[in-house]
file my_file.pdb (PDB, C-alpha atoms)
ATOM      1  CA  MET A   1      49.114 159.284  77.719
ATOM      2  CA  LYS A   2      48.975 155.505  78.168
ATOM      3  CA  ARG A   3      49.060 155.943  81.949
ATOM      4  CA  LEU A   4      46.155 158.441  81.786
ATOM      5  CA  PHE A   5      44.182 156.030  79.622
ATOM      6  CA  PHE A   6      44.911 153.228  82.108
ATOM      7  CA  PHE A   7      43.665 155.239  85.102
ATOM      8  CA  CYS A   8      40.558 156.353  83.221
ATOM      9  CA  SER A   9      39.789 152.761  82.286
ATOM     10  CA  VAL A  10      40.200 151.590  85.903
ATOM     11  CA  PHE A  11      37.962 154.444  87.125
ATOM     12  CA  LEU A  12      35.220 153.574  84.642
ATOM     13  CA  LEU A  13      35.399 149.893  85.574
ATOM     14  CA  LEU A  14      35.093 150.748  89.273
ATOM     15  CA  MET A  15      32.104 152.996  88.587
ATOM     16  CA  ALA A  16      30.435 150.306  86.515
ATOM     17  CA  SER A  17      31.089 147.778  89.274
ATOM     18  CA  CYS A  18      29.524 150.051  91.913
ATOM     19  CA  GLN A  19      26.481 150.684  89.759
ATOM     20  CA  GLU A  20      26.111 146.956  89.099
ATOM     21  CA  LYS A  21      26.225 146.188  92.835
ATOM     22  CA  LYS A  22      23.697 148.909  93.568
ATOM     23  CA  GLY A  23      21.372 147.605  90.892
ATOM     24  CA  ASP A  24      21.775 143.983  92.022
ATOM     25  CA  GLY A  25      20.886 144.942  95.609
ATOM     26  CA  GLU A  26      17.176 145.064  94.817
ATOM     27  CA  THR A  27      15.006 143.370  92.247
ATOM     28  CA  LEU A  28      11.299 142.611  91.952
ATOM     29  CA  TYR A  29      11.904 139.546  94.117
ATOM     30  CA  SER A  30      14.860 140.346  96.361
ATOM     31  CA  GLY A  31      16.329 143.092  98.490
ATOM     32  CA  SER A  32      15.418 144.908 101.677
ATOM     33  CA  ILE A  33      12.742 147.595 102.061
ATOM     34  CA  LYS A  34      10.514 149.224 104.646
ATOM     35  CA  ILE A  35       6.822 149.843 104.020
ATOM     36  CA  ALA A  36       4.309 151.908 105.994
ATOM     37  CA  VAL A  37       0.904 150.439 106.862
ATOM     38  CA  ASP A  38      -2.111 152.100 108.441
ATOM     39  CA  ASP A  39      -2.563 150.328 111.787
ATOM     40  CA  SER A  40      -6.195 149.502 110.963
ATOM     41  CA  PHE A  41      -4.897 147.055 108.334
ATOM     42  CA  LYS A  42      -2.278 145.365 110.540
ATOM     43  CA  PRO A  43      -3.872 141.884 110.996
ATOM     44  CA  ILE A  44      -4.177 141.309 107.255
ATOM     45  CA  MET A  45      -0.705 142.636 106.412
ATOM     46  CA  GLU A  46       0.825 140.309 109.002
ATOM     47  CA  GLU A  47      -0.771 137.366 107.174
ATOM     48  CA  GLU A  48       0.204 138.735 103.763
ATOM     49  CA  LEU A  49       3.849 139.197 104.740
ATOM     50  CA  GLN A  50       4.057 135.764 106.355
ATOM     51  CA  VAL A  51       3.099 134.123 103.060
ATOM     52  CA  TYR A  52       5.173 136.549 100.980
ATOM     53  CA  ARG A  53       8.345 135.828 102.979
ATOM     54  CA  ALA A  54       7.854 132.094 102.513
ATOM     55  CA  LEU A  55       7.506 132.546  98.756
ATOM     56  CA  MET A  56      10.274 135.153  98.422
ATOM     57  CA  PRO A  57      13.027 134.197 100.911
ATOM     58  CA  GLU A  58      15.438 136.739  99.400
ATOM     59  CA  ALA A  59      13.014 139.612  99.970
ATOM     60  CA  GLU A  60      13.149 141.373 103.343
ATOM     61  CA  VAL A  61      10.093 143.564 103.971
ATOM     62  CA  THR A  62       9.861 145.437 107.282
ATOM     63  CA  PRO A  63       6.436 146.958 108.014
ATOM     64  CA  ILE A  64       6.011 150.185 109.971
ATOM     65  CA  TYR A  65       2.529 150.159 111.516
ATOM     66  CA  CYS A  66       1.452 153.718 112.191
ATOM     67  CA  SER A  67      -1.274 156.271 111.557
ATOM     68  CA  GLU A  68      -2.305 157.064 107.992
ATOM     69  CA  VAL A  69      -0.875 160.586 108.266
ATOM     70  CA  GLU A  70       2.501 159.242 109.398
ATOM     71  CA  ALA A  71       2.498 156.584 106.664
ATOM     72  CA  ILE A  72       1.854 159.050 103.833
ATOM     73  CA  ASN A  73       4.393 161.514 105.260
ATOM     74  CA  LEU A  74       6.995 158.735 105.066
ATOM     75  CA  LEU A  75       6.065 158.217 101.417
ATOM     76  CA  LEU A  76       6.295 161.943 100.698
ATOM     77  CA  LYS A  77       9.767 162.050 102.272
ATOM     78  CA  ASP A  78      10.863 159.003 100.235
ATOM     79  CA  SER A  79      11.534 157.122 103.490
ATOM     80  CA  VAL A  80       9.335 154.323 102.143
ATOM     81  CA  ARG A  81       8.160 153.559  98.623
ATOM     82  CA  LEU A  82       4.982 151.650  99.457
ATOM     83  CA  VAL A  83       2.102 152.488 101.796
ATOM     84  CA  ILE A  84      -1.171 150.738 102.664
ATOM     85  CA  ALA A  85      -3.822 153.398 103.364
ATOM     86  CA  ASN A  86      -7.566 153.937 103.442
ATOM     87  CA  ARG A  87      -7.526 156.587 100.704
ATOM     88  CA  ARG A  88      -5.900 157.679  97.463
ATOM     89  CA  LEU A  89      -3.208 160.323  97.291
ATOM     90  CA  THR A  90      -4.695 163.818  97.163
ATOM     91  CA  ASP A  91      -4.100 166.268  94.305
ATOM     92  CA  LYS A  92      -1.800 168.276  96.567
ATOM     93  CA  GLU A  93       0.256 165.203  97.446
ATOM     94  CA  LEU A  94       0.465 164.190  93.792
ATOM     95  CA  ALA A  95       1.612 167.690  92.864
ATOM     96  CA  SER A  96       4.442 167.382  95.396
ATOM     97  CA  PHE A  97       5.590 164.149  93.778
ATOM     98  CA  HIS A  98       5.200 165.468  90.231
ATOM     99  CA  ALA A  99       7.329 168.508  91.077
ATOM    100  CA  ARG A 100      10.153 166.059  91.838
ATOM    101  CA  LYS A 101       9.489 164.028  88.677
ATOM    102  CA  PHE A 102       7.900 161.131  90.578
ATOM    103  CA  PHE A 103       4.627 159.589  89.436
ATOM    104  CA  PRO A 104       3.159 157.400  92.208
ATOM    105  CA  GLU A 105       0.085 155.217  91.789
ATOM    106  CA  SER A 106      -2.934 154.562  94.016
ATOM    107  CA  ILE A 107      -3.963 150.943  93.412
ATOM    108  CA  PRO A 108      -7.103 149.367  94.951
ATOM    109  CA  MET A 109      -6.229 146.404  97.162
ATOM    110  CA  ALA A 110      -9.402 145.646  99.120
ATOM    111  CA  VAL A 111     -12.847 146.876 100.128
ATOM    112  CA  SER A 112     -13.157 147.333 103.879
ATOM    113  CA  GLY A 113     -15.162 149.582 106.178
ATOM    114  CA  ILE A 114     -15.543 151.205 109.563
ATOM    115  CA  ALA A 115     -17.006 148.998 112.284
ATOM    116  CA  LEU A 116     -18.859 150.480 115.269
ATOM    117  CA  ILE A 117     -18.500 148.431 118.444
ATOM    118  CA  THR A 118     -20.087 148.712 121.885
ATOM    119  CA  ASN A 119     -19.822 147.023 125.252
ATOM    120  CA  LEU A 120     -21.845 143.836 125.743
ATOM    121  CA  GLU A 121     -23.878 145.602 128.445
ATOM    122  CA  ASN A 122     -25.158 148.021 125.820
ATOM    123  CA  THR A 123     -28.364 146.587 124.344
ATOM    124  CA  ASP A 124     -28.520 149.155 121.499
ATOM    125  CA  SER A 125     -27.645 147.365 118.275
ATOM    126  CA  LEU A 126     -28.914 149.665 115.494
ATOM    127  CA  LEU A 127     -27.687 153.080 114.374
ATOM    128  CA  THR A 128     -28.321 155.272 111.350
ATOM    129  CA  VAL A 129     -25.582 157.106 109.474
ATOM    130  CA  GLY A 130     -27.380 160.354 110.388
ATOM    131  CA  GLN A 131     -27.270 159.511 114.102
ATOM    132  CA  PHE A 132     -23.593 158.580 113.855
ATOM    133  CA  ARG A 133     -22.906 161.902 112.132
ATOM    134  CA  LYS A 134     -24.651 163.783 114.953
ATOM    135  CA  ILE A 135     -22.635 161.851 117.534
ATOM    136  CA  LEU A 136     -19.401 162.757 115.774
ATOM    137  CA  LEU A 137     -20.389 166.432 115.566
ATOM    138  CA  GLY A 138     -21.458 166.539 119.219
ATOM    139  CA  GLU A 139     -25.164 167.016 118.455
ATOM    140  CA  ILE A 140     -26.034 163.725 120.188
ATOM    141  CA  THR A 141     -24.083 163.180 123.392
ATOM    142  CA  ASP A 142     -26.097 160.757 125.548
ATOM    143  CA  TRP A 143     -27.287 157.203 124.930
ATOM    144  CA  LYS A 144     -30.760 158.292 126.093
ATOM    145  CA  GLU A 145     -31.066 160.400 122.955
ATOM    146  CA  LEU A 146     -30.870 157.170 120.971
ATOM    147  CA  ASN A 147     -32.771 154.993 123.415
ATOM    148  CA  PRO A 148     -34.864 156.694 126.145
ATOM    149  CA  LYS A 149     -34.562 153.550 128.292
ATOM    150  CA  SER A 150     -30.769 153.599 128.302
ATOM    151  CA  LYS A 151     -28.977 154.222 131.611
ATOM    152  CA  LEU A 152     -25.449 154.291 130.178
ATOM    153  CA  GLY A 153     -25.075 158.098 130.250
ATOM    154  CA  LYS A 154     -22.690 160.051 128.036
ATOM    155  CA  ILE A 155     -21.566 158.437 124.791
ATOM    156  CA  GLN A 156     -17.802 157.932 124.909
ATOM    157  CA  VAL A 157     -16.609 157.789 121.293
ATOM    158  CA  VAL A 158     -13.102 156.416 120.873
ATOM    159  CA  PHE A 159     -11.027 156.121 117.669
ATOM    160  CA  ASP A 160      -7.837 154.186 117.083
ATOM    161  CA  ASN A 161      -5.471 157.129 116.525
ATOM    162  CA  PRO A 162      -5.787 160.932 116.247
ATOM    163  CA  ASN A 163      -4.153 160.794 112.789
ATOM    164  CA  SER A 164      -5.789 157.616 111.534
ATOM    165  CA  GLY A 165      -7.462 157.096 108.195
ATOM    166  CA  LEU A 166     -10.678 156.259 110.051
ATOM    167  CA  ILE A 167     -10.855 159.789 111.459
ATOM    168  CA  HIS A 168     -10.246 161.288 108.022
ATOM    169  CA  TYR A 169     -12.993 159.076 106.601
ATOM    170  CA  ALA A 170     -15.339 160.221 109.372
ATOM    171  CA  ILE A 171     -14.600 163.890 108.656
ATOM    172  CA  ASP A 172     -14.705 163.707 104.859
ATOM    173  CA  SER A 173     -17.312 161.031 104.102
ATOM    174  CA  ILE A 174     -19.641 161.142 107.114
ATOM    175  CA  CYS A 175     -19.439 164.724 108.397
ATOM    176  CA  ASP A 176     -18.868 166.381 105.003
ATOM    177  CA  GLY A 177     -15.835 168.237 106.318
ATOM    178  CA  GLY A 178     -17.478 169.301 109.588
ATOM    179  CA  GLU A 179     -15.403 169.645 112.753
ATOM    180  CA  LEU A 180     -15.557 166.660 115.100
ATOM    181  CA  ALA A 181     -16.714 167.209 118.679
ATOM    182  CA  SER A 182     -13.956 167.940 121.187
ATOM    183  CA  THR A 183     -15.287 165.182 123.452
ATOM    184  CA  LEU A 184     -14.166 162.455 121.034
ATOM    185  CA  THR A 185     -11.009 160.628 122.088
ATOM    186  CA  ALA A 186      -8.362 158.521 120.361
ATOM    187  CA  LEU A 187      -5.981 155.882 121.641
ATOM    188  CA  LYS A 188      -3.075 154.433 119.614
ATOM    189  CA  THR A 189      -4.274 151.218 117.974
ATOM    190  CA  ASN A 190      -7.426 149.340 116.992
ATOM    191  CA  GLU A 191      -6.555 146.669 119.542
ATOM    192  CA  GLU A 192      -6.526 149.261 122.326
ATOM    193  CA  VAL A 193      -9.977 150.463 121.227
ATOM    194  CA  ILE A 194     -11.382 146.919 121.464
ATOM    195  CA  ASN A 195      -9.880 146.452 124.934
ATOM    196  CA  HIS A 196     -11.255 149.827 126.068
ATOM    197  CA  VAL A 197     -14.766 149.053 124.818
ATOM    198  CA  THR A 198     -14.836 145.669 126.588
ATOM    199  CA  LYS A 199     -14.260 147.496 129.886
ATOM    200  CA  THR A 200     -16.406 150.607 129.305
ATOM    201  CA  PRO A 201     -20.228 150.179 129.086
ATOM    202  CA  ALA A 202     -20.845 153.668 127.622
ATOM    203  CA  ALA A 203     -18.136 153.436 124.941
ATOM    204  CA  LEU A 204     -18.673 153.531 121.181
ATOM    205  CA  GLY A 205     -15.531 152.260 119.439
ATOM    206  CA  VAL A 206     -14.624 153.065 115.838
ATOM    207  CA  ILE A 207     -12.251 150.506 114.268
ATOM    208  CA  GLY A 208     -11.388 148.888 110.942
ATOM    209  CA  ALA A 209     -13.880 146.242 109.813
ATOM    210  CA  ASN A 210     -11.158 143.601 109.530
ATOM    211  CA  TRP A 211     -10.565 143.844 113.307
ATOM    212  CA  VAL A 212     -14.004 142.568 114.319
ATOM    213  CA  GLY A 213     -13.745 139.086 112.843
ATOM    214  CA  ASN A 214     -13.878 136.031 115.081
ATOM    215  CA  LYS A 215     -10.495 134.338 114.543
ATOM    216  CA  SER A 216     -11.859 130.930 115.574
ATOM    217  CA  ASP A 217     -14.581 131.100 112.908
ATOM    218  CA  THR A 218     -13.158 130.072 109.534
ATOM    219  CA  THR A 219     -16.430 131.047 107.807
ATOM    220  CA  ARG A 220     -15.975 134.681 108.939
ATOM    221  CA  LEU A 221     -19.712 134.835 109.629
ATOM    222  CA  SER A 222     -19.369 135.736 113.296
ATOM    223  CA  PHE A 223     -17.693 138.598 115.139
ATOM    224  CA  ASN A 224     -15.414 139.076 118.127
ATOM    225  CA  GLU A 225     -17.459 137.830 121.081
ATOM    226  CA  SER A 226     -15.948 140.336 123.531
ATOM    227  CA  VAL A 227     -17.818 143.271 121.937
ATOM    228  CA  ARG A 228     -21.124 143.976 120.194
ATOM    229  CA  VAL A 229     -20.915 145.059 116.542
ATOM    230  CA  MET A 230     -23.602 147.579 115.633
ATOM    231  CA  ALA A 231     -25.716 147.383 112.480
ATOM    232  CA  VAL A 232     -25.855 150.621 110.477
ATOM    233  CA  SER A 233     -28.601 151.980 108.235
ATOM    234  CA  ASN A 234     -28.567 154.644 105.530
ATOM    235  CA  SER A 235     -32.246 155.279 106.202
ATOM    236  CA  GLY A 236     -33.653 158.006 108.422
ATOM    237  CA  HIS A 237     -34.816 155.346 110.869
ATOM    238  CA  ALA A 238     -32.885 152.153 111.573
ATOM    239  CA  THR A 239     -34.771 148.857 111.494
ATOM    240  CA  VAL A 240     -33.622 145.263 111.330
ATOM    241  CA  ALA A 241     -34.709 145.139 107.689
ATOM    242  CA  ASN A 242     -32.690 148.146 106.492
ATOM    243  CA  SER A 243     -29.595 147.866 108.726
ATOM    244  CA  TYR A 244     -26.403 145.985 107.936
ATOM    245  CA  LYS A 245     -23.319 144.801 109.784
ATOM    246  CA  PRO A 246     -19.848 144.748 108.156
ATOM    247  CA  TYR A 247     -20.139 141.210 106.824
ATOM    248  CA  GLN A 248     -18.127 140.456 103.708
ATOM    249  CA  ALA A 249     -21.218 140.195 101.484
ATOM    250  CA  TYR A 250     -22.586 143.570 102.615
ATOM    251  CA  LEU A 251     -19.171 145.184 102.063
ATOM    252  CA  ALA A 252     -18.987 143.686  98.563
ATOM    253  CA  LEU A 253     -22.484 144.877  97.651
ATOM    254  CA  ARG A 254     -21.865 148.259  99.333
ATOM    255  CA  GLU A 255     -25.026 147.730 101.394
ATOM    256  CA  TYR A 256     -23.087 148.375 104.584
ATOM    257  CA  PRO A 257     -23.028 152.210 104.616
ATOM    258  CA  LEU A 258     -19.573 152.731 106.143
ATOM    259  CA  THR A 259     -17.633 151.010 103.354
ATOM    260  CA  HIS A 260     -14.388 152.282 101.826
ATOM    261  CA  VAL A 261     -11.539 151.124  99.575
ATOM    262  CA  VAL A 262      -8.062 150.227 100.844
ATOM    263  CA  TYR A 263      -5.261 151.388  98.532
ATOM    264  CA  ILE A 264      -1.654 150.504  97.844
ATOM    265  CA  LEU A 265       0.226 153.780  97.355
ATOM    266  CA  VAL A 266       3.452 153.012  95.527
ATOM    267  CA  ASN A 267       6.219 155.331  94.351
ATOM    268  CA  ASP A 268       8.773 153.022  92.772
ATOM    269  CA  PRO A 269      10.432 154.546  89.687
ATOM    270  CA  ARG A 270      13.122 151.840  89.785
ATOM    271  CA  MET A 271      10.505 149.069  89.510
ATOM    272  CA  GLY A 272      12.095 147.183  92.385
ATOM    273  CA  LEU A 273      10.871 145.242  95.398
ATOM    274  CA  PRO A 274       7.924 147.591  96.196
ATOM    275  CA  THR A 275       6.535 146.853  92.732
ATOM    276  CA  GLY A 276       7.082 143.133  93.296
ATOM    277  CA  LEU A 277       5.223 143.278  96.625
ATOM    278  CA  MET A 278       2.387 145.273  95.063
ATOM    279  CA  THR A 279       2.079 142.616  92.338
ATOM    280  CA  PHE A 280       1.808 139.909  95.013
ATOM    281  CA  LEU A 281      -0.792 141.816  97.056
ATOM    282  CA  THR A 282      -3.029 142.394  94.031
ATOM    283  CA  GLY A 283      -2.402 138.922  92.585
ATOM    284  CA  ASP A 284      -4.190 135.648  93.243
ATOM    285  CA  ARG A 285      -2.356 134.610  96.438
ATOM    286  CA  GLY A 286      -2.468 138.041  98.053
ATOM    287  CA  GLN A 287      -6.143 138.538  97.221
ATOM    288  CA  ARG A 288      -7.086 135.102  98.597
ATOM    289  CA  ILE A 289      -5.623 136.125 101.958
ATOM    290  CA  ILE A 290      -7.864 139.206 101.918
ATOM    291  CA  LEU A 291     -10.857 137.038 101.014
ATOM    292  CA  LYS A 292     -10.206 134.746 103.990
ATOM    293  CA  SER A 293      -9.816 137.737 106.325
ATOM    294  CA  GLY A 294     -13.487 138.682 106.055
ATOM    295  CA  ILE A 295     -13.223 141.804 103.916
ATOM    296  CA  VAL A 296     -13.393 142.012 100.118
ATOM    297  CA  PRO A 297     -10.519 141.594  97.630
ATOM    298  CA  ALA A 298     -10.350 144.295  94.975
ATOM    299  CA  THR A 299      -9.364 142.068  92.046
ATOM    300  CA  GLN A 300     -10.921 138.677  92.802
ATOM    301  CA  PRO A 301     -14.559 137.457  92.644
ATOM    302  CA  VAL A 302     -16.363 136.892  95.943
ATOM    303  CA  ARG A 303     -18.831 134.129  96.738
ATOM    304  CA  LEU A 304     -21.689 135.811  98.598
ATOM    305  CA  VAL A 305     -23.385 134.096 101.535
ATOM    306  CA  ASN A 306     -26.815 135.174 102.796
ATOM    307  CA  VAL A 307     -26.610 135.998 106.492
ATOM    308  CA  LYS A 308     -29.584 136.121 108.851
ATOM    309  CA  ASP A 309     -28.541 137.992 111.946
ATOM    310  CA  GLU A 310     -30.211 138.494 115.319
ATOM    311  CA  PHE A 311     -29.972 142.134 116.446
TER
END
call {"tool": "encode", "arguments": {"input": "my_file.pdb", "output": "structure tokens"}}
result
Amino acid sequence: MKRLFFFCSVFLLLMASCQEKKGDGETLYSGSIKIAVDDSFKPIMEEELQVYRALMPEAEVTPIYCSEVEAINLLLKDSVRLVIANRRLTDKELASFHARKFFPESIPMAVSGIALITNLENTDSLLTVGQFRKILLGEITDWKELNPKSKLGKIQVVFDNPNSGLIHYAIDSICDGGELASTLTALKTNEEVINHVTKTPAALGVIGANWVGNKSDTTRLSFNESVRVMAVSNSGHATVANSYKPYQAYLALREYPLTHVVYILVNDPRMGLPTGLMTFLTGDRGQRIILKSGIVPATQPVRLVNVKDEF
């Protein structure tokens, strides 16, 4: 009987030791995790993680930059517990989690938008949301339909990725669920779209607003000089007075029509490192990085600057 008690005691101690080691492997501030990030948000997350690693040397965060569809699929499969995406979780996705007794959150992180870019040879600088919708649906196919003087020919619309959040935004928010034209193309990354547009006069690139900033301009009041950023109007006819570019102030005031919220999707029932990272991203330091990037932090005030632009 004593021997049985001894072996039971040893077994319980070993189990407790294993559980303690498992628990100690990850805290709010330490451990090793992977996160999935929509590629359109890559530049900002690189800056965020650089600062986070300096502040939390015991925390190892490995980002997977991919399409929004791939990122959320990784979350659904429990391969990652934190995702940066351009939308909330859908009711269907939430139901899948709830069926497994998980209760993820969709937390606003920033206000960003879709930027429309063209080649420098393209003199067209204004576009209405209605015209953009018709381009996406294949109802407008030639630059002459926008500007009779244009000699650029067929409009070549190019997105960052066939499964990106930007495409989903275009379908849901701009085309009201309509089917996109088969002539639209997609590459792999926002960077590839910028490079393609710089070499293709007839191209119309669709990228994340945080990709168009001029890195050498600390004021964030100018754009990438290798492409032209179009101004967009919600009106039936675009004019300089009613059209806006994706400047930080116009994103904050929602005057730029193609504005959307960036979310942190977190499923972390253990309240571990994903929760700690989420707290950093939505806290003062993380939000200041977003502010400096040229888009709008979700939880911090923004100082608005009046911009007079030449179209």
call {"tool": "resolve_selection", "arguments": {"input": "my_file.pdb", "expression": "the PyMOL selection byres ((chain A and resi 225) around 10)", "output": "PDB file with C-alpha atoms, in the coordinates of the input"}}
result
ATOM      1  CA  LEU A 120     -21.845 143.836 125.743  1.00  0.00           C
ATOM      2  CA  THR A 198     -14.836 145.669 126.588  1.00  0.00           C
ATOM      3  CA  VAL A 212     -14.004 142.568 114.319  1.00  0.00           C
ATOM      4  CA  GLY A 213     -13.745 139.086 112.843  1.00  0.00           C
ATOM      5  CA  ASN A 214     -13.878 136.031 115.081  1.00  0.00           C
ATOM      6  CA  SER A 222     -19.369 135.736 113.296  1.00  0.00           C
ATOM      7  CA  PHE A 223     -17.693 138.598 115.139  1.00  0.00           C
ATOM      8  CA  ASN A 224     -15.414 139.076 118.127  1.00  0.00           C
ATOM      9  CA  SER A 226     -15.948 140.336 123.531  1.00  0.00           C
ATOM     10  CA  VAL A 227     -17.818 143.271 121.937  1.00  0.00           C
ATOM     11  CA  ARG A 228     -21.124 143.976 120.194  1.00  0.00           C
ATOM     12  CA  VAL A 229     -20.915 145.059 116.542  1.00  0.00           C
TER      13      VAL A 229
END
call {"tool": "atom_distance", "arguments": {"input": "my_file.pdb", "atom1": "atom CA of A:Asn190", "atom2": "atom CA of A:Ile44"}}
result
13.0 Å
call {"tool": "atom_distance", "arguments": {"input": "my_file.pdb", "atom1": "atom CA of A:Phe97", "atom2": "atom CA of A:Leu76"}}
result
7.3 Å
call {"tool": "closest_residue", "arguments": {"input": "my_file.pdb", "among": "A:Ala202, A:Leu180, A:Leu28, A:Ala238", "to": "A:Met56", "atoms": "only C-alpha atoms"}}
result
A:Leu28
call {"tool": "atom_distance", "arguments": {"input": "my_file.pdb", "atom1": "atom CA of A:Ile167", "atom2": "atom CA of A:Leu127"}}
result
18.4 Å
call {"tool": "resolve_selection", "arguments": {"input": "my_file.pdb", "expression": "the PyMOL selection byres ((chain A and resi 230) around 7)", "output": "PDB file with C-alpha atoms, keeping the file's coordinate frame"}}
result
ATOM      1  CA  LEU A 116     -18.859 150.480 115.269  1.00  0.00           C
ATOM      2  CA  ILE A 117     -18.500 148.431 118.444  1.00  0.00           C
ATOM      3  CA  SER A 125     -27.645 147.365 118.275  1.00  0.00           C
ATOM      4  CA  LEU A 126     -28.914 149.665 115.494  1.00  0.00           C
ATOM      5  CA  LEU A 127     -27.687 153.080 114.374  1.00  0.00           C
ATOM      6  CA  ARG A 228     -21.124 143.976 120.194  1.00  0.00           C
ATOM      7  CA  VAL A 229     -20.915 145.059 116.542  1.00  0.00           C
ATOM      8  CA  ALA A 231     -25.716 147.383 112.480  1.00  0.00           C
ATOM      9  CA  VAL A 232     -25.855 150.621 110.477  1.00  0.00           C
ATOM     10  CA  LYS A 245     -23.319 144.801 109.784  1.00  0.00           C
TER      11      LYS A 245
END
call {"tool": "closest_atom_pairs", "arguments": {"input": "my_file.pdb", "of": "stretch 109-133 of chain A", "to": "stretch 281-290 of chain A", "cutoff": "12 Å", "atoms": "all atoms listed in the file", "output": "CSV"}}
result
residue,atom,partner,partner_atom,distance
A:Met109,CA,A:Thr282,CA,6.0
A:Ala110,CA,A:Ile290,CA,7.2
A:Val111,CA,A:Ile290,CA,9.3
A:Ser112,CA,A:Ile290,CA,9.9
call {"tool": "write_last_selection", "arguments": {"input": "my_file.pdb", "atoms": "C-alpha atoms", "output": "PDB file, keeping the file's coordinate frame"}}
result
ATOM      1  CA  MET A 109      -6.229 146.404  97.162  1.00  0.00           C
ATOM      2  CA  ALA A 110      -9.402 145.646  99.120  1.00  0.00           C
ATOM      3  CA  VAL A 111     -12.847 146.876 100.128  1.00  0.00           C
ATOM      4  CA  SER A 112     -13.157 147.333 103.879  1.00  0.00           C
TER       5      SER A 112
END
call {"tool": "resolve_selection", "arguments": {"input": "my_file.pdb", "expression": "the PyMOL selection byres ((chain A and resi 59) around 7)", "output": "compact mmCIF listing (two decimals) with C-alpha atoms, keeping the file's coordinate frame"}}
result
# COMPACT_ATOMS: atom_id res chain seq x y z
CA TYR A 29 11.90 139.55 94.12
CA SER A 30 14.86 140.35 96.36
CA GLY A 31 16.33 143.09 98.49
CA SER A 32 15.42 144.91 101.68
CA ARG A 53 8.35 135.83 102.98
CA MET A 56 10.27 135.15 98.42
CA PRO A 57 13.03 134.20 100.91
CA GLU A 58 15.44 136.74 99.40
CA GLU A 60 13.15 141.37 103.34
CA VAL A 61 10.09 143.56 103.97
call {"tool": "residues_near_point", "arguments": {"input": "my_file.pdb", "point": "(-7.7, 159.3, 111.3)", "cutoff": "12 Å", "atoms": "all atoms listed in the file", "output": "ChimeraX atom specification"}}
result
/A:38-40,66-71,85-87,114,158-172,180,185-190,206-208
call {"tool": "write_last_selection", "arguments": {"input": "my_file.pdb", "atoms": "C-alpha atoms", "output": "short mmCIF file (atom, residue, chain, number, x, y, z; two decimals), in the frame of the given file"}}
result
data_model
loop_
_atom_site.label_atom_id
_atom_site.label_comp_id
_atom_site.auth_asym_id
_atom_site.auth_seq_id
_atom_site.Cartn_x
_atom_site.Cartn_y
_atom_site.Cartn_z
CA ASP A 38 -2.11 152.10 108.44
CA ASP A 39 -2.56 150.33 111.79
CA SER A 40 -6.20 149.50 110.96
CA CYS A 66 1.45 153.72 112.19
CA SER A 67 -1.27 156.27 111.56
CA GLU A 68 -2.31 157.06 107.99
CA VAL A 69 -0.88 160.59 108.27
CA GLU A 70 2.50 159.24 109.40
CA ALA A 71 2.50 156.58 106.66
CA ALA A 85 -3.82 153.40 103.36
CA ASN A 86 -7.57 153.94 103.44
CA ARG A 87 -7.53 156.59 100.70
CA ILE A 114 -15.54 151.21 109.56
CA VAL A 158 -13.10 156.42 120.87
CA PHE A 159 -11.03 156.12 117.67
CA ASP A 160 -7.84 154.19 117.08
CA ASN A 161 -5.47 157.13 116.52
CA PRO A 162 -5.79 160.93 116.25
CA ASN A 163 -4.15 160.79 112.79
CA SER A 164 -5.79 157.62 111.53
CA GLY A 165 -7.46 157.10 108.20
CA LEU A 166 -10.68 156.26 110.05
CA ILE A 167 -10.86 159.79 111.46
CA HIS A 168 -10.25 161.29 108.02
CA TYR A 169 -12.99 159.08 106.60
CA ALA A 170 -15.34 160.22 109.37
CA ILE A 171 -14.60 163.89 108.66
CA ASP A 172 -14.70 163.71 104.86
CA LEU A 180 -15.56 166.66 115.10
CA THR A 185 -11.01 160.63 122.09
CA ALA A 186 -8.36 158.52 120.36
CA LEU A 187 -5.98 155.88 121.64
CA LYS A 188 -3.08 154.43 119.61
CA THR A 189 -4.27 151.22 117.97
CA ASN A 190 -7.43 149.34 116.99
CA VAL A 206 -14.62 153.06 115.84
CA ILE A 207 -12.25 150.51 114.27
CA GLY A 208 -11.39 148.89 110.94
#
call {"tool": "residues_around", "arguments": {"input": "my_file.pdb", "residues": "A:Thr200", "least_positions_apart": "4", "cutoff": "9 Å", "atoms": "all atoms listed in the file", "output": "list of chain:residue names"}}
result
A:Thr118, A:Asn119, A:Gln156, A:Asn195, A:His196, A:Leu204
